[in-house]
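What follows is a set of notes on a single structure, which appears directly below.
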Amino acid sequence: MDTFWRVLLLQDYNTRLVVIGTVLLGIAAGSVGSLLLLRKRALVGDVISHATLPGVGVAFLLMVMMGGTGRWSIGLLLGAAIAGVLAAALVLLIKRTTMLRDDAAMAIVMSAAFGLGIALLGVIQDLPNGNQAGLESIIYGKTASMVQADAIGIGIAAIIVILISAALYKEFRLLCFDDHFAGSQGWPVTTLDLALLLLGTAVTVIGLQAVGLILVLAFLIIPAAAARYWTDRLVIMMVISSLLGAASAWFGVTISALVPRMPAGAVIVLSASAIFMLSLVLGSRRGLLVRLIRARGIRHRTNRQHILRAIWECEETSGKVCRGDLLKRRRWTQREVDRLLRKARSRGEIESAHGEEVVLTETGQEAAQVVVRNHRLWELFLIRHADIAPTHVDRDADEIEHVLGVELVQELEAALGPEGSLPSSPHVLGEASP
Amino acid sequence: MMATNASSVPVVPGSEHDATAPLSIHDMTVAYHRKPVLWDVDLDVPEGQLACIIGPNGAGKSTLLKACLDLVPRISGEVQFWGESISRQRGRVAYVPQRESVDWDFPVNALDVVAMGTYRRLGWCRPVGRRQRSAAMEALERVDLADLAGRQISQLSGGQQQRVFLARALVQDADLYLMDEPFASVDASTEQAILSALRELRSQGRTVICVHHDLQTVQESFDWVVMLNMRVVAAGSIEDTFTIENLRRTYGGRLTLLDQAAMALGRAHRGEEEG
């Protein structure tokens, strides 16, 4: 337990560096990932990351041929970056010149590159000292083998990526939302796309050591996808996504430092996925729970308006309302009517002790009048402005009136009649149509 | 504008062009995957007109706008805006893409979208400030959407989304507006709102060119028409050009019975007025 807190709170110098470097990477991945996701380029990241493997292999072989050990990490990462960009370009080329669709082009390039990488890895391992090159670690990532210089390098590169995406925020937003409009305004769409792809490649390549090439895509995309559940603003989405990326990075690195043989990449991606699942359910903007509550609220309101209007209109036509009359107005079952009446009674909208007869209280009358007025104003609006036959209006109005806001009602009132008056129904009131 | 005589013979390639026309296209050919979409398009649209481009599906209407703006490559031909290439006149041209061309689930609100019309003048790397936001707000007021400025764009109705796009074009304060189906699937009141905004632009001497699909409203809404089916079948004022004969040549057998009936009615109606 003691070790846990020491590691988590960064009291250990080496872990501290690795954590800071990876957290910065998480921030960079979160913001670039949001843009890639919105540009619908999420899978291009996968192509880039798989292509880094042959890139690293070729770089290693080249360095060995030039007489080095082949373990110079900047050289390896440069190879990875070049291969990543080439693969992305190849996808675009295949898409342009053949009739193949995006997904096919990406699948071809990605698997071919990965196959080539694995083959190269086999060749390298047969070389003297080859198996010490540690190239497999870029497949799964290995934070434990990170040295101080690696961590500092990752941190600096991540900061550069973050600064560039902040500086070009406006341009990227335009590109991702509407590239044709951007082009019509003279923005260099292809160059901007390339810049975004380069940022993605940068995150992928510097993420290799921490997360590994298979999981780095998840690091780019999952925090961004999770952030979308919490906000409707791009800048906030990028901030949340960065924070989620950073949090999962921190958690992943610390857990992997504590548990022997637990790869950081896996824990990072697992924590990001857990956050995603939570966001999916709890997200304040489009989470399942919020949507469920909203739908329930609407159903509740709709039911209340239906029963109040039914009582009001019954009273208007026959002067006296019985349960049986209400049953005929809509396709309600006896139980539904009873339930709705019970609820109305508990809200104090109908009086209790009247047996089969239903009588609105004063509050109930006021509420019912508002509901009926909205409904009829809307019907009138549809008839006058939207050329809908009066006999067809009732049903449509039923569905739309429940989302009528106060402002719209005022607008209708101004257009259609003196304030506070209750226009009579434009169609014959009666039983529900079959 | 060059005379387009009553039978509206396609303009002869290489004929004289008006150097002051807001949009002038010379022998433009566009192809996707070696299949030509537009063939030797030759066209001058005069200043201060409310023009529409009509033609059957796949006639290349949207492509015509995109090719003019260099959004899709041209195989041959030249496009001039007031006698100069688009790259020198971008600031005077506003483009409204088709509504379906963007993802309305994108995390921005209506004001953000309209403010995009100010980006060009703002330049690289400079963030949107108070002045851009108030310009965007003003444009939203002009299309009657000021109270929905803060709403996420997927929460807007189709007509409101179309008006947001219009507002984004208005904020550019351009002299030529190229609009791709601004009236597609909007309700009647939005159609009127958009049309009156376009008429206001015309009254300020600006030029508007819309890709349009609804033949019934061509006569009442526009004063100039381009009839397109891979090539320009006819172009000119509505009175001279929008004839059954030209419609048949544009749409071939694809003009529906309903359209034909509406045309016939329209003609009969006009005949009455003239007689």
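Residues in the structure tokens are named by chain (A, B, ... in the order shown) and by number from 1 within that chain; ligands are numbered from 1 in the order shown.
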Exercise for the section: Return the neighbours of chain B among the residues of chain A, cut-off 9 Å, counting only C-alpha atoms, as a PyMOL selection string. Expected result: chain A and resi 38+96-99+166-171+174+176-187+228+231-235+237+385-386
Residues within 6 Å of Ala80 in chain A, please, as an mmCIF file with N, CA and C atoms, in the first residue's frame. Count only C-alpha atoms; anything in the same chain fewer than 2 positions from it doesn't count.
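Now in out-v3.cif:
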```
data_model
loop_
_atom_site.group_PDB
_atom_site.id
_atom_site.type_symbol
_atom_site.label_atom_id
_atom_site.label_comp_id
_atom_site.auth_asym_id
_atom_site.auth_seq_id
_atom_site.Cartn_x
_atom_site.Cartn_y
_atom_site.Cartn_z
ATOM 1 N N THR A 52 4.086 1.784 -38.713
ATOM 2 C CA THR A 52 5.325 2.166 -38.030
ATOM 3 C C THR A 52 6.238 0.966 -37.829
ATOM 4 N N GLY A 55 8.538 0.501 -40.641
ATOM 5 C CA GLY A 55 9.368 1.712 -40.617
ATOM 6 C C GLY A 55 10.516 1.561 -39.637
ATOM 7 N N VAL A 56 10.169 1.084 -38.443
ATOM 8 C CA VAL A 56 11.204 0.881 -37.424
ATOM 9 C C VAL A 56 12.196 -0.195 -37.883
ATOM 10 N N LEU A 77 12.439 6.159 -34.464
ATOM 11 C CA LEU A 77 11.172 6.871 -34.480
ATOM 12 C C LEU A 77 10.985 7.638 -35.785
ATOM 13 N N LEU A 78 12.094 8.153 -36.329
ATOM 14 C CA LEU A 78 12.026 8.842 -37.615
ATOM 15 C C LEU A 78 11.550 7.866 -38.690
ATOM 16 N N ILE A 82 8.135 8.293 -40.934
ATOM 17 C CA ILE A 82 8.119 8.320 -42.405
ATOM 18 C C ILE A 82 7.212 7.223 -42.941
ATOM 19 N N ALA A 83 7.338 6.026 -42.374
ATOM 20 C CA ALA A 83 6.506 4.914 -42.842
ATOM 21 C C ALA A 83 5.026 5.202 -42.599
#
```
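The gap separating CA of Gln161 in chain B from CA of Ala227 in chain A is 24.5 Å, in Å to one decimal.
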Problem - Backbone-only DSSP, alpha helix (DSSP H) members of range 102-167 of chain A, as a PyMOL selection string - result: chain A and resi 102-126+137-140+148-167
Practice task
Please provide the set of residues having any atom within 6 Å of range 230-239 of chain B, restricted to only C-alpha atoms, with same-chain residues fewer than 6 positions apart removed, written as a PyMOL selection string.
Solution key: chain B and resi 8+10+37-39+41+59-60+223-224
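Of the residues under consideration (B:Asn229, B:Thr217, B:Gln162, B:Thr63), B:Asn229 shows the shortest atom-to-atom contact distance to Gly252 in chain B when counting only C-alpha atoms.
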Exercise for the section: Have a look at A:Ala149, A:Ala224, A:Ala218, A:Ala119 and name the one nearest to Trp72 in chain A; count only C-alpha atoms. Expected result: A:Ala149
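The strand (DSSP E or B) portion of range 85-118 of chain B consists of Val93, Ala94, Tyr95, Val96 and Asn109 of chain B, with states taken from DSSP on the backbone.
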Could you write out the selected residues, including C-alpha atoms, as a CSV table (one decimal), in the first residue's frame?
```
chain,number,residue,atom,x,y,z
B,93,VAL,CA,-17.7,35.1,-53.5
B,94,ALA,CA,-19.8,33.2,-50.9
B,95,TYR,CA,-20.6,29.5,-51.2
B,96,VAL,CA,-23.4,27.7,-49.5
B,109,ASN,CA,-23.7,25.9,-32.1
```
Handout entry: Spatial neighbours of range 344-361 of chain A, 12 Å, only C-alpha atoms, chain gap at least 2 places, as a PyMOL selection string
Key = chain A and resi 300-301+303-315+319-326+337-342+363-369
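Counting from CA of Val186 in chain B, the distance to CA of Cys52 in chain B is 17.1 Å.
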Between range 168-232 of chain A and range 254-269 of chain A, at 9 Å or less, what are the per-residue closest atom pairs and their distances in Å? Count only C-alpha atoms, order by chain and rising residue number, and return it as a Markdown table.
```
| residue | atom | partner | partner_atom | distance |
| --- | --- | --- | --- | --- |
| A:Gln209 | CA | A:Gly265 | CA | 8.9 |
| A:Ala210 | CA | A:Gly265 | CA | 6.2 |
| A:Val211 | CA | A:Gly265 | CA | 3.7 |
| A:Gly212 | CA | A:Gly265 | CA | 6.4 |
| A:Leu215 | CA | A:Gly265 | CA | 6.6 |
| A:Val216 | CA | A:Gly265 | CA | 7.8 |
| A:Ala218 | CA | A:Val269 | CA | 6.3 |
| A:Phe219 | CA | A:Val269 | CA | 6.2 |
| A:Ile222 | CA | A:Val269 | CA | 8.1 |
```
Export N, CA and C atoms of the chosen residues as a CSV table (one decimal), in the first residue's frame?
```csv
chain,number,residue,atom,x,y,z
A,209,GLN,N,6.3,4.0,-27.6
A,209,GLN,CA,7.1,3.4,-26.5
A,209,GLN,C,6.1,3.2,-25.3
A,210,ALA,N,5.2,4.1,-25.2
A,210,ALA,CA,4.3,4.1,-24.0
A,210,ALA,C,3.2,3.0,-24.2
A,211,VAL,N,2.5,3.1,-25.3
A,211,VAL,CA,1.3,2.3,-25.4
A,211,VAL,C,1.5,1.1,-26.4
A,212,GLY,N,2.4,1.3,-27.3
A,212,GLY,CA,2.6,0.2,-28.3
A,212,GLY,C,1.7,0.5,-29.5
A,215,LEU,N,-2.2,-0.5,-29.6
A,215,LEU,CA,-3.2,0.2,-28.8
A,215,LEU,C,-3.2,1.7,-28.9
A,216,VAL,N,-2.2,2.2,-29.7
A,216,VAL,CA,-2.1,3.7,-29.7
A,216,VAL,C,-3.3,4.3,-30.3
A,218,ALA,N,-6.4,3.4,-29.9
A,218,ALA,CA,-7.4,3.5,-28.8
A,218,ALA,C,-7.1,4.8,-27.9
A,219,PHE,N,-5.8,5.0,-27.7
A,219,PHE,CA,-5.4,6.2,-26.9
A,219,PHE,C,-5.8,7.5,-27.6
A,222,ILE,N,-10.5,6.7,-28.1
A,222,ILE,CA,-11.4,6.5,-27.0
A,222,ILE,C,-11.7,7.7,-26.1
```
Exercise for the section: Could you jot down the CA of Leu43 in chain B to CA of Glu84 in chain B separation for me, Å, one decimal place? Expected result: 15.0 Å
